[in-house]
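Below you'll find the structure, written out as structure tokens, and then a few comments.
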Amino acid sequence: MQTLPYGSWPSPIDAALAAAHDGHPEYVGFVGDEAWWTEPRPAEGGRRTLVRRRADGEEEPLLPAPWNVRSRVIEYGGQPWAGTARDGRPLVVFVNFDDQRLYRYEPGSDPRPLTPVSLVGGGLRWTDPQLHPERGEVWCVLEEFTGDGPTDVRRVLAAVPLDGSAAQDRDAVRELTDDRHRFVTGPRLSPDGRRAAWLAWDHPRMPWDGTELIVADVGDDGTFRHARAVAGGPDESIAQADWAPDGSLLHTSDRTGWWNLYRDGAPLCPREEEFGGPLWKLGQRWFAPLDSGLIAVVHGRGATALGILDPETGEVVDAAGPWTEFASTLAVHGERVVAVGASPRSAYEMVELDTRTGRARVIGAEHEDAVDPAHYPEPQIRTFTGPAGRDIHAHIYPPHAPGCVAPGDELPPYVVWAHGGPTSRAPLVLDLEIAYFTSRGIGVAEVNYGGSTGHGREYRNRLREQWGVVDVEDCAAVALALADEGTADRGRLAIRGGSAGGWTAAASLAATDVYACGTIIYPILDLVGWGAGETHDFESRYLETLVGPLAEVPGRYAERSPTEHADRITAPFLLLQGLDDVICPPAQCERFLARMAGRRVPHAYIAFEGEGHGFRRADTMIRVLESELSLYAQVFGLNPHGVPTLELSK
């Protein structure tokens with residue numbers, strides 16, 4: 001056993017290894033009897049490809065570079081593909097990221113475009129496709145830009161011909177709805193083909209604030225008629241809707257304060273836990289009805305399990321296995337359920353549950369230990385007490401490495417991680433980026449601050465008009481509690497986060513003296529600019545609930561913005577930004593840095609060509625991790641091995 005200072009422990013988990021394992025399988029589905037899904041390729045520019053699991057159990061990646069299966073609708077995208085089997089052969093449609101066109105693909109031949117290109121604004125974008133080959137169409141969400149501004153956009157449900165006749169002709173796309181609603185999800189057709197259901201909502205609400213469940217009659221000619229709201233409203237969030245095989249309509253609603261499942265308006269399993277979540281990407285699925293009448297569900301409180309719900313008894317039987325977290329994607333075929341599960345000891349992998357036998361097994365993207373798992377962190381699930389006695393949920397990852405201990409009188413440095421969203425949460429799963437730090441002797445505390453999901457609407461609503469207050473207070477409370485109990489070194493605390501987490505990190509440096517330094521990644525820094533048209537349409541009114549209406553509380557926008565209070569920041573920081581980011585644009589960073597000029601605060605700014613909101617390229621992620629570690633090394637007095645020194649300017 002070696003005795004070495006924290007931060008200097010040798011680790012086999014380098015930045016390249018962490019980058020190679022970034023991302024996870026998403027968007028599962030069945031094509032005939034085969035399970036298909038999307039997978040990231042960090043080493044190939046961060047693109048995503050389709051993967052199929054053949055009947056013999058072999059995984060086959062499809063669509064080589066430069067194909068990139070990813071939608072940009074609402075910028076965060078959504079379900080980018082759909083497939084079926086015709087005459088025993090796969091028929092697939094998918095969205096290609098670079099041109100956002102919808103393509104038809106049959107393995108063995110080249111993809112063929114189904115939709116045209118528009119040169120207006122952001123063009124034509126598609127997501128959440130539903131294949132209807134018997135009608136010769138694929139039904140989708142169409143996002144169509146009408147001008148050059150980020151909010152010059154309309155969204156409708158549309159039917160695209162499968163024969164390619166719309167590839168050069170916008171008029172050949174059949175619109176199924178008008179654009180009375182600002183946002184819609186893809187339509188789900190009832191088993192008898194007579195009704196369609198989808199979700200809709202409008203500014204200033206976000207989908208976790210209030211949505212409506214819309215049902216329309218479908219005529220013999222495929223037109224939608226008599227669309228009407230059957231559930232939901234301004235203060236009720238419906239996260240998903242789908243039809244059961246018997247024609248009943250299922251949906252998840254938080255009308256009781258928790259996202260629970262309903263059938264034709266009646267509760268199926270009333271519990272104080274979540275059977276849904278925040279709809280950041282169109283096409284997310286937390287439940288899927290089986291032919292037997294049972295329902296596959298992803299559910300839980302603070303974590304998620306894969307279960308089978310009997311709607312007649314309300315009983316849920318969870319799948320046995322090592323997985324402690326399941327993503328919001330599900331697919332069913334017969335009595336088979338496919339999901340994406342992970343645990344603190346394994347990354348996300350494809351899991352199949354056979355509901356007849358109750359057996360769950362890995363069928364794809366199987367986790368393989370790239371290093372001895374003894375180097376993985378050993379997390380703790382903790383609940384801390386914050387201001388006014390409120391609970392704060394967090395995951396604590398103490399420094400951990402086999403064969404290494406620190407001197408007995410030394411306390412470890414800790415980095416508080418603030419997740420993005422902010423209406424989201426940090427799942428408790430194996431993350432080699434966290435292991436990159438913990439295996440070197442730096443602790444990590446992931447804080448699911450007030451406003452996070454997974455703990456009911458009341459917990460989520462703590463952040464209403466309190467963004468920049470509650471999140472900052474909760475992160476600080478966890479950091480100081482760790483120091484007070486002797487877990488962390490009070491003088492060596494840091495904070496980091498991306499997107500909304502970048503906001504929390506920057507706001508924390510401006511509003512508190514808790515942290516010795518911070519890492520700020522593609523952040524929001526100037527509320528006035530962001531709320532006055534600097535971001536995309538989906539979140540353009542988000543601040544009205546997070547902060548308040550700009551016209552009514554302009555002083556609040558200024559008071560909370562790190563850009564307005566750069567003079568309060570004295571701690572060194574690292575600022576990281578993608579130059580193609582349209583959600584949190586580089587202009588935010590540039591104004592912030594202009595305010596910091598001449599203040600002689602050590603800092604570094606790294607901007608990445610070709611990166612948007614969320615870094616996807618392996619070379620980017622390597623530089624990010626090494627730069628972050630170098631910042632902590634310089635500020636905390638650490639001596640990590642083999643890490644390039646980050647040059648800090650003043």
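Each chain of the structure tokens is named A, B, ... in the order shown, its residues numbered from 1; ligands are numbered from 1 in display order.
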TODO: Within 10 Å of Glu236 in chain A, counting only C-alpha atoms, which residues show up once you throw out same-chain ones fewer than 5 positions away? Write them as number ranges by chain, please.
DONE: A: 207-212, 231, 253-257, 259, 457
TODO: Give the alpha helix (DSSP H) residues of range 530-624 of chain A, as DSSP finds them on the backbone, and put them as a ChimeraX atom specification.
DONE: /A:543-546,554-560,586-596,618-624
TODO: Using only C-alpha atoms, determine which residues lie at most 9 Å from Gly147 in chain A, disregarding the query and same-chain residues fewer than 3 positions distant; provide the list as a PyMOL selection string.
DONE: chain A and resi 120-122+150-153
Within 10 Å of Val582 in chain A, counting only C-alpha atoms, which residues qualify if same-chain residues fewer than 6 places away don't, as a compact mmCIF listing (two decimals) with N, CA and C atoms, in the first residue's frame?
# COMPACT_ATOMS: atom_id res chain seq x y z
N GLU A 75 -33.59 21.44 -30.99
CA GLU A 75 -32.14 21.39 -30.77
C GLU A 75 -31.69 20.18 -29.96
N PRO A 150 -34.15 32.47 -34.40
CA PRO A 150 -34.33 31.17 -33.73
C PRO A 150 -35.76 30.86 -33.35
N GLU A 534 -31.26 35.23 -27.35
CA GLU A 534 -29.97 34.65 -27.69
C GLU A 534 -29.98 33.13 -27.75
N THR A 535 -31.09 32.51 -27.40
CA THR A 535 -31.11 31.05 -27.41
C THR A 535 -32.16 30.55 -28.39
N HIS A 536 -32.36 29.25 -28.40
CA HIS A 536 -33.27 28.63 -29.35
C HIS A 536 -34.71 28.73 -28.85
N GLY A 612 -21.02 21.70 -30.48
CA GLY A 612 -22.21 22.44 -30.13
C GLY A 612 -22.48 22.37 -28.65
N HIS A 613 -23.74 22.15 -28.30
CA HIS A 613 -24.13 22.11 -26.90
C HIS A 613 -24.03 20.67 -26.41
Open item on the list: Residues of range 289-503 of chain A classed as strand (DSSP E) by DSSP on the backbone are to be reported as a VMD selection string.
Closed with: chain A and resid 289 295 to 299 305 to 310 315 to 318 325 to 333 336 to 343 346 to 354 359 to 364 380 to 385 391 to 397 404 to 405 414 to 418 443 to 448 493 to 498
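Atom to atom, CA of Leu261 in chain A and CA of Trp323 in chain A stand 22.6 Å apart.
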Open item on the list: Using only C-alpha atoms, which protein or nucleic acid residues come within 9 Å of range 487-497 of chain A? Drop anything in the same chain fewer than 4 positions from it, and give the result as a PyMOL selection string.
Closed with: chain A and resi 398+410-420+443+475+479-483+501-506+508-509+514-523+632+635-636
Include N, CA and C atoms and write out the residues we just selected as a short mmCIF file (atom, residue, chain, number, x, y, z; two decimals), in the first residue's frame.
data_model
loop_
_atom_site.label_atom_id
_atom_site.label_comp_id
_atom_site.auth_asym_id
_atom_site.auth_seq_id
_atom_site.Cartn_x
_atom_site.Cartn_y
_atom_site.Cartn_z
N PRO A 398 -16.28 9.27 -2.95
CA PRO A 398 -15.01 9.55 -2.27
C PRO A 398 -13.83 9.13 -3.14
N GLU A 410 -4.29 14.31 6.08
CA GLU A 410 -4.73 15.07 4.91
C GLU A 410 -6.19 14.77 4.59
N LEU A 411 -6.95 15.81 4.33
CA LEU A 411 -8.33 15.67 3.85
C LEU A 411 -8.35 15.84 2.34
N PRO A 412 -9.24 15.14 1.64
CA PRO A 412 -9.22 15.18 0.18
C PRO A 412 -9.90 16.42 -0.39
N PRO A 413 -9.43 16.85 -1.57
CA PRO A 413 -10.18 17.87 -2.32
C PRO A 413 -11.45 17.25 -2.88
N TYR A 414 -12.47 18.07 -3.06
CA TYR A 414 -13.74 17.61 -3.62
C TYR A 414 -14.22 18.60 -4.68
N VAL A 415 -14.84 18.05 -5.72
CA VAL A 415 -15.46 18.86 -6.76
C VAL A 415 -16.96 18.59 -6.73
N VAL A 416 -17.75 19.64 -6.58
CA VAL A 416 -19.20 19.54 -6.65
C VAL A 416 -19.62 19.61 -8.11
N TRP A 417 -20.38 18.62 -8.56
CA TRP A 417 -20.89 18.59 -9.92
C TRP A 417 -22.35 19.02 -9.91
N ALA A 418 -22.67 20.08 -10.67
CA ALA A 418 -24.05 20.54 -10.83
C ALA A 418 -24.55 20.09 -12.20
N HIS A 419 -25.61 19.31 -12.22
CA HIS A 419 -26.11 18.78 -13.50
C HIS A 419 -26.78 19.87 -14.33
N GLY A 420 -26.97 19.57 -15.60
CA GLY A 420 -27.62 20.50 -16.51
C GLY A 420 -29.12 20.45 -16.37
N GLY A 443 -12.30 13.74 -4.71
CA GLY A 443 -13.69 13.33 -4.53
C GLY A 443 -14.64 14.12 -5.42
N CYS A 475 -25.96 23.38 -3.56
CA CYS A 475 -24.60 22.88 -3.85
C CYS A 475 -23.64 23.30 -2.74
N ALA A 479 -21.39 20.94 -0.14
CA ALA A 479 -19.94 21.11 -0.05
C ALA A 479 -19.50 21.40 1.39
N LEU A 480 -20.21 22.31 2.04
CA LEU A 480 -19.82 22.68 3.40
C LEU A 480 -20.11 21.56 4.40
N ALA A 481 -21.18 20.81 4.16
CA ALA A 481 -21.47 19.67 5.05
C ALA A 481 -20.36 18.63 4.96
N LEU A 482 -19.86 18.38 3.75
CA LEU A 482 -18.76 17.43 3.59
C LEU A 482 -17.51 17.92 4.33
N ALA A 483 -17.29 19.23 4.27
CA ALA A 483 -16.14 19.78 5.00
C ALA A 483 -16.35 19.71 6.51
N GLY A 501 -25.85 23.64 -15.49
CA GLY A 501 -24.86 23.40 -14.45
C GLY A 501 -23.70 24.38 -14.53
N GLY A 502 -23.38 24.83 -15.75
CA GLY A 502 -22.37 25.87 -15.92
C GLY A 502 -22.83 27.18 -15.32
N TRP A 503 -24.12 27.47 -15.48
CA TRP A 503 -24.71 28.63 -14.82
C TRP A 503 -24.54 28.53 -13.30
N THR A 504 -24.90 27.38 -12.75
CA THR A 504 -24.80 27.21 -11.29
C THR A 504 -23.37 27.34 -10.83
N ALA A 505 -22.42 26.80 -11.61
CA ALA A 505 -21.01 26.92 -11.24
C ALA A 505 -20.57 28.38 -11.23
N ALA A 506 -20.90 29.11 -12.30
CA ALA A 506 -20.49 30.52 -12.38
C ALA A 506 -21.21 31.36 -11.32
N SER A 508 -22.26 30.36 -8.50
CA SER A 508 -21.70 30.00 -7.20
C SER A 508 -20.40 30.74 -6.94
N LEU A 509 -19.56 30.88 -7.98
CA LEU A 509 -18.31 31.62 -7.80
C LEU A 509 -18.57 33.09 -7.54
N VAL A 514 -17.34 29.70 -1.14
CA VAL A 514 -17.20 28.30 -0.77
C VAL A 514 -16.08 27.62 -1.56
N TYR A 515 -15.88 28.02 -2.81
CA TYR A 515 -15.05 27.24 -3.72
C TYR A 515 -13.74 27.95 -4.02
N ALA A 516 -12.70 27.14 -4.12
CA ALA A 516 -11.38 27.67 -4.46
C ALA A 516 -11.21 27.87 -5.95
N CYS A 517 -12.04 27.20 -6.76
CA CYS A 517 -11.97 27.34 -8.21
C CYS A 517 -13.22 26.69 -8.81
N GLY A 518 -13.37 26.84 -10.14
CA GLY A 518 -14.53 26.25 -10.79
C GLY A 518 -14.30 25.98 -12.25
N THR A 519 -15.04 25.00 -12.79
CA THR A 519 -15.02 24.66 -14.21
C THR A 519 -16.41 24.93 -14.77
N ILE A 520 -16.47 25.81 -15.77
CA ILE A 520 -17.74 26.31 -16.31
C ILE A 520 -17.82 25.87 -17.77
N ILE A 521 -18.79 25.03 -18.09
CA ILE A 521 -18.83 24.38 -19.40
C ILE A 521 -20.11 24.79 -20.15
N TYR A 522 -19.94 25.27 -21.40
CA TYR A 522 -21.02 25.80 -22.26
C TYR A 522 -22.18 26.35 -21.43
N PRO A 523 -21.92 27.47 -20.74
CA PRO A 523 -22.87 27.94 -19.72
C PRO A 523 -23.83 29.01 -20.23
N TYR A 632 -7.31 22.05 -11.16
CA TYR A 632 -7.37 21.63 -9.76
C TYR A 632 -5.96 21.42 -9.20
N VAL A 635 -4.49 24.88 -8.39
CA VAL A 635 -5.15 25.58 -7.30
C VAL A 635 -5.02 24.83 -5.99
N PHE A 636 -5.13 23.51 -6.03
CA PHE A 636 -5.12 22.71 -4.81
C PHE A 636 -3.73 22.24 -4.40
#
Per residue of range 194-287 of chain A within 12 Å of range 28-42 of chain A, note the shortest atom pair and the distance in Å to one decimal, counting only C-alpha atoms, and order the rows by chain and increasing residue number, as a Markdown table.
| residue | atom | partner | partner_atom | distance |
| --- | --- | --- | --- | --- |
| A:Gly283 | CA | A:Val28 | CA | 10.8 |
| A:Gln284 | CA | A:Val28 | CA | 10.2 |
| A:Arg285 | CA | A:Val28 | CA | 9.8 |
